[in-house]
$ cat work-v1.tsv   # TSV, C-alpha atoms
chain	number	residue	atom	x	y	z
A	1108	MET	CA	-36.85	8.17	-11.28
A	1109	ARG	CA	-35.64	5.52	-8.85
A	1110	ARG	CA	-32.23	6.26	-7.31
A	1111	ARG	CA	-29.57	3.59	-7.78
A	1112	VAL	CA	-28.38	2.06	-4.51
A	1113	LEU	CA	-24.59	2.18	-4.35
A	1114	ASP	CA	-22.63	-0.91	-3.37
A	1115	HIS	CA	-20.49	-0.84	-0.23
A	1116	VAL	CA	-16.85	-1.98	-0.11
A	1117	LEU	CA	-15.22	-2.67	3.27
A	1118	VAL	CA	-11.76	-1.05	3.32
A	1119	THR	CA	-9.52	-2.17	6.16
A	1120	GLY	CA	-6.89	0.43	6.93
A	1121	GLY	CA	-8.95	3.06	5.12
A	1122	ALA	CA	-7.66	5.77	7.47
A	1123	GLY	CA	-4.08	5.20	6.33
A	1124	PHE	CA	-2.06	6.51	3.39
A	1125	VAL	CA	-2.97	4.01	0.66
A	1126	GLY	CA	-6.34	3.10	2.17
A	1127	SER	CA	-7.61	6.68	2.22
A	1128	HIS	CA	-6.63	7.17	-1.41
A	1129	ALA	CA	-8.39	3.90	-2.27
A	1130	CYS	CA	-11.54	5.17	-0.55
A	1131	LYS	CA	-11.50	8.29	-2.72
A	1132	ALA	CA	-10.99	6.20	-5.87
A	1133	LEU	CA	-13.86	3.90	-4.87
A	1134	ARG	CA	-16.18	6.84	-4.27
A	1135	ASN	CA	-15.26	8.32	-7.64
A	1136	ALA	CA	-15.99	4.92	-9.22
A	1137	GLY	CA	-19.51	4.81	-7.77
A	1138	PHE	CA	-19.01	2.72	-4.63
A	1139	ILE	CA	-19.38	3.61	-0.94
A	1140	PRO	CA	-16.16	2.82	0.91
A	1141	VAL	CA	-16.63	1.73	4.53
A	1142	THR	CA	-13.40	2.22	6.45
A	1143	PHE	CA	-12.64	-0.37	9.13
A	1144	ASP	CA	-9.68	0.90	11.15
A	1145	ASN	CA	-8.49	0.92	14.76
A	1146	LEU	CA	-6.75	4.29	14.12
A	1147	SER	CA	-3.51	3.05	15.70
A	1148	THR	CA	-1.57	4.42	12.75
A	1149	GLY	CA	-4.35	5.93	10.63
A	1150	TRP	CA	-6.03	9.32	10.86
A	1151	GLU	CA	-9.73	9.87	11.42
A	1152	GLN	CA	-9.47	13.10	9.40
A	1153	ALA	CA	-8.47	11.02	6.37
A	1154	VAL	CA	-11.83	9.22	6.37
A	1155	ARG	CA	-13.68	11.61	4.07
A	1156	PHE	CA	-15.40	9.50	1.45
A	1157	GLY	CA	-17.64	7.13	3.40
A	1158	PRO	CA	-18.47	5.91	6.91
A	1159	LEU	CA	-15.90	4.89	9.53
A	1160	VAL	CA	-16.15	1.80	11.71
A	1161	LYS	CA	-13.65	1.99	14.55
A	1162	GLY	CA	-12.62	-1.59	15.07
A	1163	ASP	CA	-9.71	-4.00	15.28
A	1164	LEU	CA	-9.15	-6.93	12.96
A	1165	MET	CA	-8.45	-9.13	15.97
A	1166	ASP	CA	-12.02	-8.47	17.16
A	1167	ARG	CA	-14.17	-10.96	15.23
A	1168	ALA	CA	-17.40	-9.64	16.72
A	1169	ALA	CA	-16.65	-6.12	15.43
A	1170	LEU	CA	-15.97	-7.50	11.96
A	1171	ASP	CA	-19.17	-9.54	11.96
A	1172	ALA	CA	-21.14	-6.44	12.99
A	1173	ALA	CA	-19.61	-4.37	10.17
A	1174	PHE	CA	-20.42	-7.01	7.57
A	1175	ALA	CA	-23.97	-7.35	8.89
A	1176	GLN	CA	-24.59	-3.59	8.87
A	1177	TYR	CA	-23.17	-2.71	5.45
A	1178	ARG	CA	-23.37	-6.00	3.48
A	1179	PRO	CA	-20.33	-5.12	1.34
A	1180	VAL	CA	-19.89	-6.62	-2.11
A	1181	ALA	CA	-16.14	-6.84	-1.56
A	1182	VAL	CA	-13.27	-6.29	0.86
A	1183	MET	CA	-10.10	-4.29	0.23
A	1184	HIS	CA	-7.55	-5.30	2.83
A	1185	PHE	CA	-4.79	-2.73	3.47
A	1186	ALA	CA	-4.46	-2.88	7.27
A	1187	ALA	CA	-1.18	-4.45	8.42
A	1188	LEU	CA	2.06	-3.91	10.28
A	1189	SER	CA	4.53	-2.98	7.56
A	1190	LEU	CA	7.95	-1.96	8.91
A	1191	VAL	CA	10.68	-4.29	7.69
A	1192	GLY	CA	13.13	-3.45	10.48
A	1193	ASP	CA	10.54	-3.92	13.21
A	1194	SER	CA	9.47	-7.22	11.70
A	1195	MET	CA	13.00	-8.55	12.11
A	1196	LYS	CA	13.14	-7.44	15.76
A	1197	ASP	CA	9.74	-8.86	16.73
A	1198	PRO	CA	8.63	-11.38	14.10
A	1199	ALA	CA	6.05	-12.98	16.38
A	1200	HIS	CA	4.13	-9.71	16.58
A	1201	TYR	CA	4.02	-9.47	12.79
A	1202	TRP	CA	2.85	-13.04	12.36
A	1203	ARG	CA	0.24	-12.69	15.09
A	1204	VAL	CA	-1.24	-9.36	13.93
A	1205	ASN	CA	-0.92	-9.63	10.15
A	1206	ILE	CA	-1.93	-13.25	9.75
A	1207	GLY	CA	-4.38	-13.34	12.67
A	1208	GLY	CA	-6.14	-10.21	11.45
A	1209	ALA	CA	-6.34	-11.42	7.85
A	1210	LEU	CA	-7.65	-14.81	8.98
A	1211	ASN	CA	-10.39	-13.17	11.05
A	1212	LEU	CA	-11.29	-10.94	8.11
A	1213	ALA	CA	-11.44	-13.81	5.63
A	1214	GLU	CA	-13.58	-15.89	8.00
A	1215	ALA	CA	-15.97	-12.98	8.61
A	1216	ALA	CA	-16.22	-12.28	4.87
A	1217	VAL	CA	-17.07	-15.90	4.06
A	1218	ALA	CA	-19.57	-16.12	6.93
A	1219	SER	CA	-21.39	-13.04	5.59
A	1220	GLY	CA	-21.40	-14.26	2.00
A	1221	CYS	CA	-18.94	-11.60	0.81
A	1222	LEU	CA	-16.72	-13.61	-1.53
A	1223	ASN	CA	-14.68	-10.89	-3.27
A	1224	PHE	CA	-11.37	-10.01	-1.61
A	1225	ILE	CA	-8.68	-7.58	-2.82
A	1226	PHE	CA	-5.44	-7.96	-0.89
A	1227	SER	CA	-2.63	-5.43	-0.54
A	1228	SER	CA	0.42	-7.68	-0.60
A	1229	THR	CA	4.03	-6.71	-1.29
A	1230	CYS	CA	6.94	-7.42	-3.59
A	1231	ALA	CA	8.85	-8.16	-0.37
A	1232	THR	CA	7.39	-11.67	-0.77
A	1233	TYR	CA	9.98	-12.20	-3.53
A	1234	GLY	CA	12.97	-11.52	-1.28
A	1235	ASP	CA	16.36	-10.35	-2.50
A	1236	GLN	CA	16.64	-11.19	-6.22
A	1237	ASP	CA	19.08	-8.68	-7.63
A	1238	GLY	CA	19.20	-8.06	-11.35
A	1239	VAL	CA	15.72	-9.47	-11.90
A	1240	VAL	CA	12.63	-7.53	-12.90
A	1241	LEU	CA	10.05	-9.32	-10.80
A	1242	THR	CA	7.03	-10.94	-12.42
A	1243	GLU	CA	4.12	-12.80	-10.92
A	1244	ASP	CA	5.91	-16.07	-11.76
A	1245	THR	CA	9.10	-15.17	-9.88
A	1246	VAL	CA	9.73	-17.58	-7.01
A	1247	GLN	CA	8.72	-16.02	-3.68
A	1248	ARG	CA	11.51	-16.17	-1.10
A	1249	PRO	CA	10.86	-13.46	1.53
A	1250	ILE	CA	13.86	-12.47	3.67
A	1251	ASN	CA	12.00	-10.64	6.44
A	1252	ALA	CA	9.03	-11.36	8.67
A	1253	TYR	CA	6.92	-8.65	7.06
A	1254	GLY	CA	7.23	-10.23	3.61
A	1255	ALA	CA	6.81	-13.71	5.06
A	1256	SER	CA	3.58	-12.76	6.82
A	1257	LYS	CA	2.17	-11.31	3.61
A	1258	ARG	CA	3.18	-14.42	1.72
A	1259	ALA	CA	1.36	-16.55	4.29
A	1260	ILE	CA	-1.80	-14.47	3.85
A	1261	GLU	CA	-1.68	-15.18	0.13
A	1262	ASP	CA	-1.73	-18.89	1.04
A	1263	VAL	CA	-4.70	-18.30	3.37
A	1264	LEU	CA	-6.62	-16.72	0.50
A	1265	ALA	CA	-5.79	-19.61	-1.82
A	1266	ASN	CA	-7.01	-22.09	0.81
A	1267	PHE	CA	-10.22	-20.12	1.38
A	1268	GLY	CA	-10.76	-19.96	-2.35
A	1269	ALA	CA	-10.52	-23.72	-2.66
A	1270	ALA	CA	-12.67	-24.40	0.40
A	1271	PHE	CA	-15.28	-21.64	0.31
A	1272	GLY	CA	-15.15	-20.00	-3.12
A	1273	LEU	CA	-13.50	-16.80	-1.84
A	1274	GLN	CA	-12.36	-15.03	-5.01
A	1275	HIS	CA	-9.34	-12.80	-4.58
A	1276	VAL	CA	-7.05	-10.41	-6.40
A	1277	ILE	CA	-3.59	-10.00	-4.90
A	1278	PHE	CA	-1.54	-6.89	-5.65
A	1279	ARG	CA	2.20	-7.06	-4.97
A	1280	TYR	CA	3.91	-3.68	-4.85
A	1281	PHE	CA	6.06	-1.46	-2.71
A	1282	ASN	CA	7.37	2.06	-2.34
A	1283	VAL	CA	4.11	3.84	-2.91
A	1284	ALA	CA	4.70	7.59	-3.08
A	1285	GLY	CA	3.12	10.92	-3.92
A	1286	ALA	CA	-0.23	12.25	-2.75
A	1287	ASP	CA	-3.68	12.98	-4.07
A	1288	PRO	CA	-3.07	15.75	-6.66
A	1289	GLU	CA	-6.23	17.48	-5.44
A	1290	GLY	CA	-4.82	17.67	-1.91
A	1291	GLU	CA	-7.68	15.97	-0.05
A	1292	VAL	CA	-5.53	13.16	1.39
A	1293	GLY	CA	-1.81	12.48	1.55
A	1294	GLU	CA	0.99	10.57	3.20
A	1295	GLN	CA	1.52	10.97	6.91
A	1296	HIS	CA	2.63	8.25	9.31
A	1297	ARG	CA	3.30	8.07	13.01
A	1298	PRO	CA	6.17	7.49	13.22
A	1299	GLU	CA	7.22	8.39	9.69
A	1300	THR	CA	9.39	5.72	8.05
A	1301	HIS	CA	8.99	6.18	4.29
A	1302	LEU	CA	11.86	7.63	2.29
A	1303	ILE	CA	10.18	10.49	0.42
A	1304	PRO	CA	8.26	12.07	3.34
A	1305	LEU	CA	11.34	11.69	5.57
A	1306	MET	CA	13.41	13.40	2.92
A	1307	LEU	CA	10.89	16.23	2.56
A	1308	GLU	CA	10.82	16.72	6.33
A	1309	ALA	CA	14.60	17.14	6.22
A	1310	ILE	CA	14.35	19.60	3.32
A	1311	ALA	CA	11.70	21.60	5.21
A	1312	GLY	CA	13.85	21.70	8.36
A	1313	ARG	CA	11.51	19.62	10.53
A	1314	ARG	CA	14.12	16.86	10.70
A	1315	GLU	CA	17.85	17.29	11.15
A	1316	ALA	CA	18.75	15.09	8.20
A	1317	LEU	CA	17.73	12.07	6.14
A	1318	VAL	CA	19.52	8.93	7.30
A	1319	LEU	CA	20.85	6.68	4.53
A	1320	HIS	CA	20.38	3.15	5.84
A	1321	GLY	CA	23.37	1.53	4.19
A	1322	THR	CA	25.75	2.90	1.57
A	1323	ASP	CA	27.67	-0.29	0.77
A	1324	TYR	CA	25.08	-2.30	-1.16
A	1325	PRO	CA	26.16	-3.89	-4.47
A	1326	THR	CA	24.50	-1.14	-6.52
A	1327	ALA	CA	25.88	1.65	-8.68
A	1328	ASP	CA	26.04	4.15	-5.81
A	1329	GLY	CA	25.94	1.82	-2.79
A	1330	THR	CA	22.35	2.57	-1.78
A	1331	CYS	CA	19.26	0.39	-2.14
A	1332	VAL	CA	17.31	0.46	-5.40
A	1333	ARG	CA	13.51	0.38	-5.44
A	1334	ASP	CA	10.60	0.77	-7.82
A	1335	TYR	CA	8.18	3.61	-7.00
A	1336	ILE	CA	4.49	3.92	-7.86
A	1337	HIS	CA	2.30	6.99	-7.46
A	1338	VAL	CA	-0.47	6.27	-4.98
A	1339	THR	CA	-3.12	7.56	-7.40
A	1340	ASP	CA	-2.06	5.02	-10.03
A	1341	LEU	CA	-1.86	2.27	-7.42
A	1342	VAL	CA	-5.41	2.67	-6.13
A	1343	GLN	CA	-6.81	2.83	-9.65
A	1344	ALA	CA	-5.43	-0.68	-10.11
A	1345	HIS	CA	-7.36	-1.74	-7.02
A	1346	VAL	CA	-10.60	-0.40	-8.47
A	1347	LEU	CA	-9.87	-2.33	-11.67
A	1348	GLY	CA	-9.21	-5.40	-9.52
A	1349	LEU	CA	-12.57	-4.95	-7.84
A	1350	ARG	CA	-14.35	-4.78	-11.19
A	1351	TRP	CA	-12.38	-7.87	-12.29
A	1352	LEU	CA	-13.87	-9.83	-9.37
A	1353	LEU	CA	-17.39	-8.44	-9.75
A	1354	GLU	CA	-17.29	-9.54	-13.39
A	1355	GLY	CA	-16.51	-13.08	-12.22
A	1356	LYS	CA	-13.05	-13.34	-13.75
A	1357	GLY	CA	-11.60	-15.32	-10.85
A	1358	SER	CA	-8.64	-15.25	-8.50
A	1359	THR	CA	-5.25	-13.97	-9.65
A	1360	ALA	CA	-2.23	-11.90	-8.65
A	1361	PHE	CA	-0.75	-8.77	-10.21
A	1362	ASN	CA	2.55	-6.99	-9.66
A	1363	LEU	CA	2.35	-3.21	-9.75
A	1364	GLY	CA	5.50	-1.36	-10.71
A	1365	THR	CA	7.22	0.59	-13.44
A	1366	GLY	CA	10.12	-1.78	-14.11
A	1367	ASN	CA	12.51	1.11	-13.36
A	1368	GLY	CA	14.60	1.27	-10.21
A	1369	PHE	CA	15.74	4.37	-8.34
A	1370	SER	CA	18.50	4.28	-5.74
A	1371	VAL	CA	18.11	6.30	-2.56
A	1372	ARG	CA	20.65	8.77	-3.93
A	1373	ASP	CA	18.66	9.01	-7.19
A	1374	VAL	CA	15.55	9.98	-5.20
A	1375	ILE	CA	17.54	12.56	-3.24
A	1376	ARG	CA	18.80	14.10	-6.48
A	1377	HIS	CA	15.27	14.36	-7.91
A	1378	ALA	CA	13.98	15.90	-4.67
A	1379	GLY	CA	16.64	18.58	-4.77
A	1380	GLN	CA	15.69	19.43	-8.34
A	1381	VAL	CA	11.94	19.50	-7.71
A	1382	THR	CA	12.08	21.56	-4.50
A	1383	ASN	CA	15.17	23.58	-5.45
A	1384	ARG	CA	16.50	22.92	-1.95
A	1385	PRO	CA	19.39	20.84	-0.60
A	1386	VAL	CA	18.71	17.52	1.12
A	1387	PRO	CA	20.71	17.16	4.36
A	1388	ILE	CA	21.84	13.54	4.77
A	1389	ILE	CA	23.60	11.34	7.34
A	1390	GLU	CA	25.11	8.00	6.38
A	1391	GLY	CA	24.04	5.15	8.65
A	1392	PRO	CA	24.32	1.34	8.82
A	1393	ARG	CA	22.17	-1.12	6.93
A	1394	ARG	CA	18.82	-2.24	8.32
A	1395	ALA	CA	18.25	-5.96	8.81
A	1396	GLY	CA	15.97	-7.47	6.17
A	1397	ASP	CA	16.51	-4.87	3.44
A	1398	ALA	CA	17.09	-6.22	-0.06
A	1399	ALA	CA	19.61	-4.48	-2.32
A	1400	VAL	CA	17.41	-4.23	-5.43
A	1401	LEU	CA	13.67	-4.72	-5.88
A	1402	VAL	CA	12.14	-3.74	-9.22
A	1403	SER	CA	8.72	-4.93	-10.35
A	1404	GLY	CA	7.23	-5.34	-13.77
A	1405	SER	CA	3.49	-4.90	-14.36
A	1406	GLN	CA	2.86	-6.29	-17.83
A	1407	ARG	CA	0.08	-8.59	-16.63
A	1408	ALA	CA	-1.78	-5.72	-14.95
A	1409	GLU	CA	-1.41	-3.61	-18.06
A	1410	THR	CA	-2.63	-6.26	-20.50
A	1411	GLU	CA	-5.28	-8.02	-18.41
A	1412	LEU	CA	-6.61	-5.22	-16.19
A	1413	GLY	CA	-6.03	-2.40	-18.62
A	1414	TRP	CA	-4.03	-0.57	-15.96
A	1415	VAL	CA	-2.35	2.67	-17.07
A	1416	ARG	CA	0.26	4.59	-15.06
A	1417	SER	CA	-0.38	8.30	-15.58
A	1418	HIS	CA	1.33	9.82	-12.52
A	1419	SER	CA	4.29	7.57	-11.75
A	1420	THR	CA	7.31	9.65	-12.73
A	1421	MET	CA	9.68	10.36	-9.86
A	1422	ASP	CA	9.35	14.13	-10.31
A	1423	GLN	CA	5.53	13.93	-10.22
A	1424	MET	CA	5.55	11.78	-7.09
A	1425	ILE	CA	7.89	14.17	-5.29
A	1426	ARG	CA	6.01	17.23	-6.56
A	1427	ASP	CA	2.66	15.97	-5.22
A	1428	ALA	CA	4.21	14.79	-1.95
A	1429	TRP	CA	5.91	18.19	-1.51
A	1430	ALA	CA	2.63	20.03	-2.09
A	1431	TRP	CA	1.00	17.87	0.60
A	1432	ASP	CA	3.97	18.39	2.93
A	1433	GLN	CA	3.58	22.15	2.67
A	1434	LYS	CA	-0.04	22.21	3.86
A	1435	PRO	CA	-1.30	21.59	7.41
A	1436	GLY	CA	-1.36	17.87	8.15
A	1437	TYR	CA	-3.84	15.71	10.04
A	1438	ASP	CA	-2.16	16.39	13.38
A	1439	SER	CA	-1.86	20.16	12.96
$ encode --input "work-v1.tsv" --output "structure tokens"
Amino acid sequence: MRRRVLDHVLVTGGAGFVGSHACKALRNAGFIPVTFDNLSTGWEQAVRFGPLVKGDLMDRAALDAAFAQYRPVAVMHFAALSLVGDSMKDPAHYWRVNIGGALNLAEAAVASGCLNFIFSSTCATYGDQDGVVLTEDTVQRPINAYGASKRAIEDVLANFGAAFGLQHVIFRYFNVAGADPEGEVGEQHRPETHLIPLMLEAIAGRREALVLHGTDYPTADGTCVRDYIHVTDLVQAHVLGLRWLLEGKGSTAFNLGTGNGFSVRDVIRHAGQVTNRPVPIIEGPRRAGDAAVLVSGSQRAETELGWVRSHSTMDQMIRDAWAWDQKPGYDS
């Protein structure tokens, strides 16, 4: 019997938190994920489900070589600078790297004939719109350079679609949490900036305390409110988005969220309950560029993609992240 040849998908940032989980989901769905990563923030040990190409998105020749070697049927683009505070201190760096890298990638994809593009965007493109559950039709008004750079990339994809037929699915989300329930990959950054792993480091005693960046926001308890999605649910949406494109359904955008917001203090309370340990905290000033409330709906993804959230309770996200935290990490 003739063996079926599996299709390749180029995954930029596949050595990072979300990218590595996406690679596992792709492999489970019958694709071969090809990680393209410069390993500046990713981990080579996280590349477990397909080949690794060590390369930088600013290096067009390296991209062309990867497309020529693997002939991917699609691109999943996760690689980007993503720290809101840093983007406000050095916006030029964010515009140069995020937009320049995405432009190189889109040009290389079109030149190779790969016209399916899944883009990891962000609900930060909507800006600070308190009291509103964000939908795909909400006006985008980013308030930081990170969100603005992602918004600009969405425009690049629209332009490339009109000019070259590049079909794209854009996913807008934020505050991805949890870890692979099977423990093969998890969340680990250098430096760590995400709330839940920082909180767990403080609980475990590897950090003095969790710093609350602002306690005077116009919210019920004074701390920022965010929507959280389990990484396993998130990457399943990306696989569904890939199938959407391969079935020729055309370019679109989807928000990915639960529609429920948790304040920083809410997350701390859940972490204490799940781990049965206290969370040491220090109150600090606000960070520039942080919105007070960001909550995203996902009705379009549910109805059109058939996306189902099966892991995205706060307790489940913390439980899986805590299990990953308690095992040796990539840098052990």
$ closest_residue --input "work-v1.tsv" --among "A:Ser1189, A:Ser1256, A:Thr1119, A:Ser1358" --to "Leu1222 in chain A" --atoms "only C-alpha atoms"
A:Ser1358
$ atom_distance --input "work-v1.tsv" --atom1 "CA of Ala1378 in chain A" --atom2 "CA of Ala1395 in chain A"
26.0 Å
$ closest_residue --input "work-v1.tsv" --among "A:Ala1129, A:Ala1309, A:Val1276, A:Val1160" --to "Gly1355 in chain A" --atoms "all atoms listed in the file"
A:Val1276
$ closest_residue --input "work-v1.tsv" --among "A:Leu1353, A:Val1402, A:Val1154, A:Ile1139" --to "Tyr1177 in chain A" --atoms "only C-alpha atoms"
A:Ile1139
$ residues_near_point --input "work-v1.tsv" --point "(14.2, -10.6, -3.9)" --cutoff "12 Å" --atoms "all atoms listed in the file" --output "ChimeraX atom specification"
/A:1229-1242,1245-1251,1254,1332-1333,1396-1403
$ closest_residue --input "work-v1.tsv" --among "A:Val1116, A:Met1424, A:Ala1316, A:Leu1412" --to "Arg1134 in chain A" --atoms "all atoms listed in the file"
A:Val1116
$ closest_residue --input "work-v1.tsv" --among "A:Leu1363, A:Val1342, A:Ile1310, A:Leu1117" --to "Val1381 in chain A" --atoms "only C-alpha atoms"
A:Ile1310
$ atom_distance --input "work-v1.tsv" --atom1 "CA of Thr1359 in chain A" --atom2 "CA of Trp1414 in chain A"
14.9 Å
$ closest_residue --input "work-v1.tsv" --among "A:Asp1193, A:Glu1409, A:Asp1422, A:Asp1323" --to "Gly1379 in chain A" --atoms "only C-alpha atoms"
A:Asp1422
$ residues_around --input "work-v1.tsv" --residues "range 1279-1292 of chain A" --least-positions-apart "2" --cutoff "7 Å" --atoms "all atoms listed in the file" --output "list of chain:residue names"
A:Ser1127, A:His1128, A:Ala1153, A:Ser1227, A:Ser1228, A:Thr1229, A:Cys1230, A:Ile1277, A:Glu1294, A:Asp1334, A:Tyr1335, A:Ile1336, A:His1337, A:Val1338, A:Thr1339, A:Phe1361, A:Asn1362, A:Leu1363, A:Gly1364, A:Met1424, A:Ile1425, A:Asp1427, A:Ala1428, A:Trp1431
$ decode --input "work-v1.tsv" --residues "range 1217-1237 of chain A" --atoms "N, CA, C and O atoms" --output "compact mmCIF listing (two decimals), in the first residue's frame"
# COMPACT_ATOMS: atom_id res chain seq x y z
N VAL A 1217 4.57 34.16 -1.07
CA VAL A 1217 4.00 34.41 -2.39
C VAL A 1217 4.96 33.95 -3.49
O VAL A 1217 4.56 33.31 -4.47
N ALA A 1218 6.25 34.26 -3.32
CA ALA A 1218 7.24 33.89 -4.34
C ALA A 1218 7.32 32.39 -4.52
O ALA A 1218 7.59 31.90 -5.62
N SER A 1219 7.06 31.63 -3.44
CA SER A 1219 7.15 30.16 -3.52
C SER A 1219 5.83 29.52 -3.95
O SER A 1219 5.77 28.30 -4.14
N GLY A 1220 4.78 30.33 -4.04
CA GLY A 1220 3.48 29.78 -4.38
C GLY A 1220 2.68 29.27 -3.21
O GLY A 1220 1.65 28.60 -3.38
N CYS A 1221 3.14 29.57 -1.99
CA CYS A 1221 2.41 29.17 -0.78
C CYS A 1221 1.45 30.30 -0.42
O CYS A 1221 1.86 31.34 0.11
N LEU A 1222 0.17 30.11 -0.68
CA LEU A 1222 -0.80 31.20 -0.58
C LEU A 1222 -1.81 31.02 0.55
O LEU A 1222 -2.90 31.60 0.52
N ASN A 1223 -1.43 30.27 1.58
CA ASN A 1223 -2.27 30.09 2.77
C ASN A 1223 -1.49 30.57 3.98
O ASN A 1223 -0.40 30.05 4.27
N PHE A 1224 -2.04 31.53 4.72
CA PHE A 1224 -1.28 32.22 5.77
C PHE A 1224 -2.17 32.37 7.00
O PHE A 1224 -3.22 33.00 6.94
N ILE A 1225 -1.75 31.78 8.12
CA ILE A 1225 -2.46 31.91 9.39
C ILE A 1225 -1.64 32.83 10.28
O ILE A 1225 -0.46 32.57 10.53
N PHE A 1226 -2.25 33.91 10.74
CA PHE A 1226 -1.51 34.94 11.47
C PHE A 1226 -1.97 35.04 12.92
O PHE A 1226 -3.15 35.19 13.21
N SER A 1227 -1.00 34.98 13.82
CA SER A 1227 -1.23 35.17 15.25
C SER A 1227 -1.23 36.66 15.55
O SER A 1227 -0.19 37.27 15.76
N SER A 1228 -2.42 37.25 15.56
CA SER A 1228 -2.56 38.66 15.89
C SER A 1228 -2.91 38.80 17.37
O SER A 1228 -2.61 37.91 18.17
N THR A 1229 -3.57 39.87 17.74
CA THR A 1229 -3.83 40.13 19.16
C THR A 1229 -5.05 41.02 19.33
O THR A 1229 -5.33 41.88 18.49
N CYS A 1230 -5.75 40.83 20.43
CA CYS A 1230 -6.85 41.74 20.75
C CYS A 1230 -6.34 43.11 21.19
O CYS A 1230 -7.14 44.03 21.37
N ALA A 1231 -5.02 43.25 21.35
CA ALA A 1231 -4.45 44.57 21.62
C ALA A 1231 -4.64 45.51 20.44
O ALA A 1231 -4.48 46.73 20.57
N THR A 1232 -5.02 44.98 19.27
CA THR A 1232 -5.31 45.86 18.13
C THR A 1232 -6.57 46.69 18.39
O THR A 1232 -6.78 47.71 17.74
N TYR A 1233 -7.42 46.26 19.34
CA TYR A 1233 -8.66 46.99 19.62
C TYR A 1233 -8.44 48.15 20.58
O TYR A 1233 -9.31 49.02 20.69
N GLY A 1234 -7.35 48.15 21.32
CA GLY A 1234 -7.08 49.23 22.25
C GLY A 1234 -7.87 49.08 23.53
O GLY A 1234 -8.26 47.99 23.93
N ASP A 1235 -8.10 50.21 24.19
CA ASP A 1235 -8.75 50.24 25.50
C ASP A 1235 -10.22 50.56 25.32
O ASP A 1235 -10.60 51.73 25.16
N GLN A 1236 -11.09 49.54 25.33
CA GLN A 1236 -12.52 49.74 25.11
C GLN A 1236 -13.28 49.06 26.24
O GLN A 1236 -13.83 47.97 26.09
N ASP A 1237 -13.25 49.73 27.39
CA ASP A 1237 -13.82 49.15 28.60
C ASP A 1237 -15.33 48.92 28.46
O ASP A 1237 -16.04 49.69 27.82
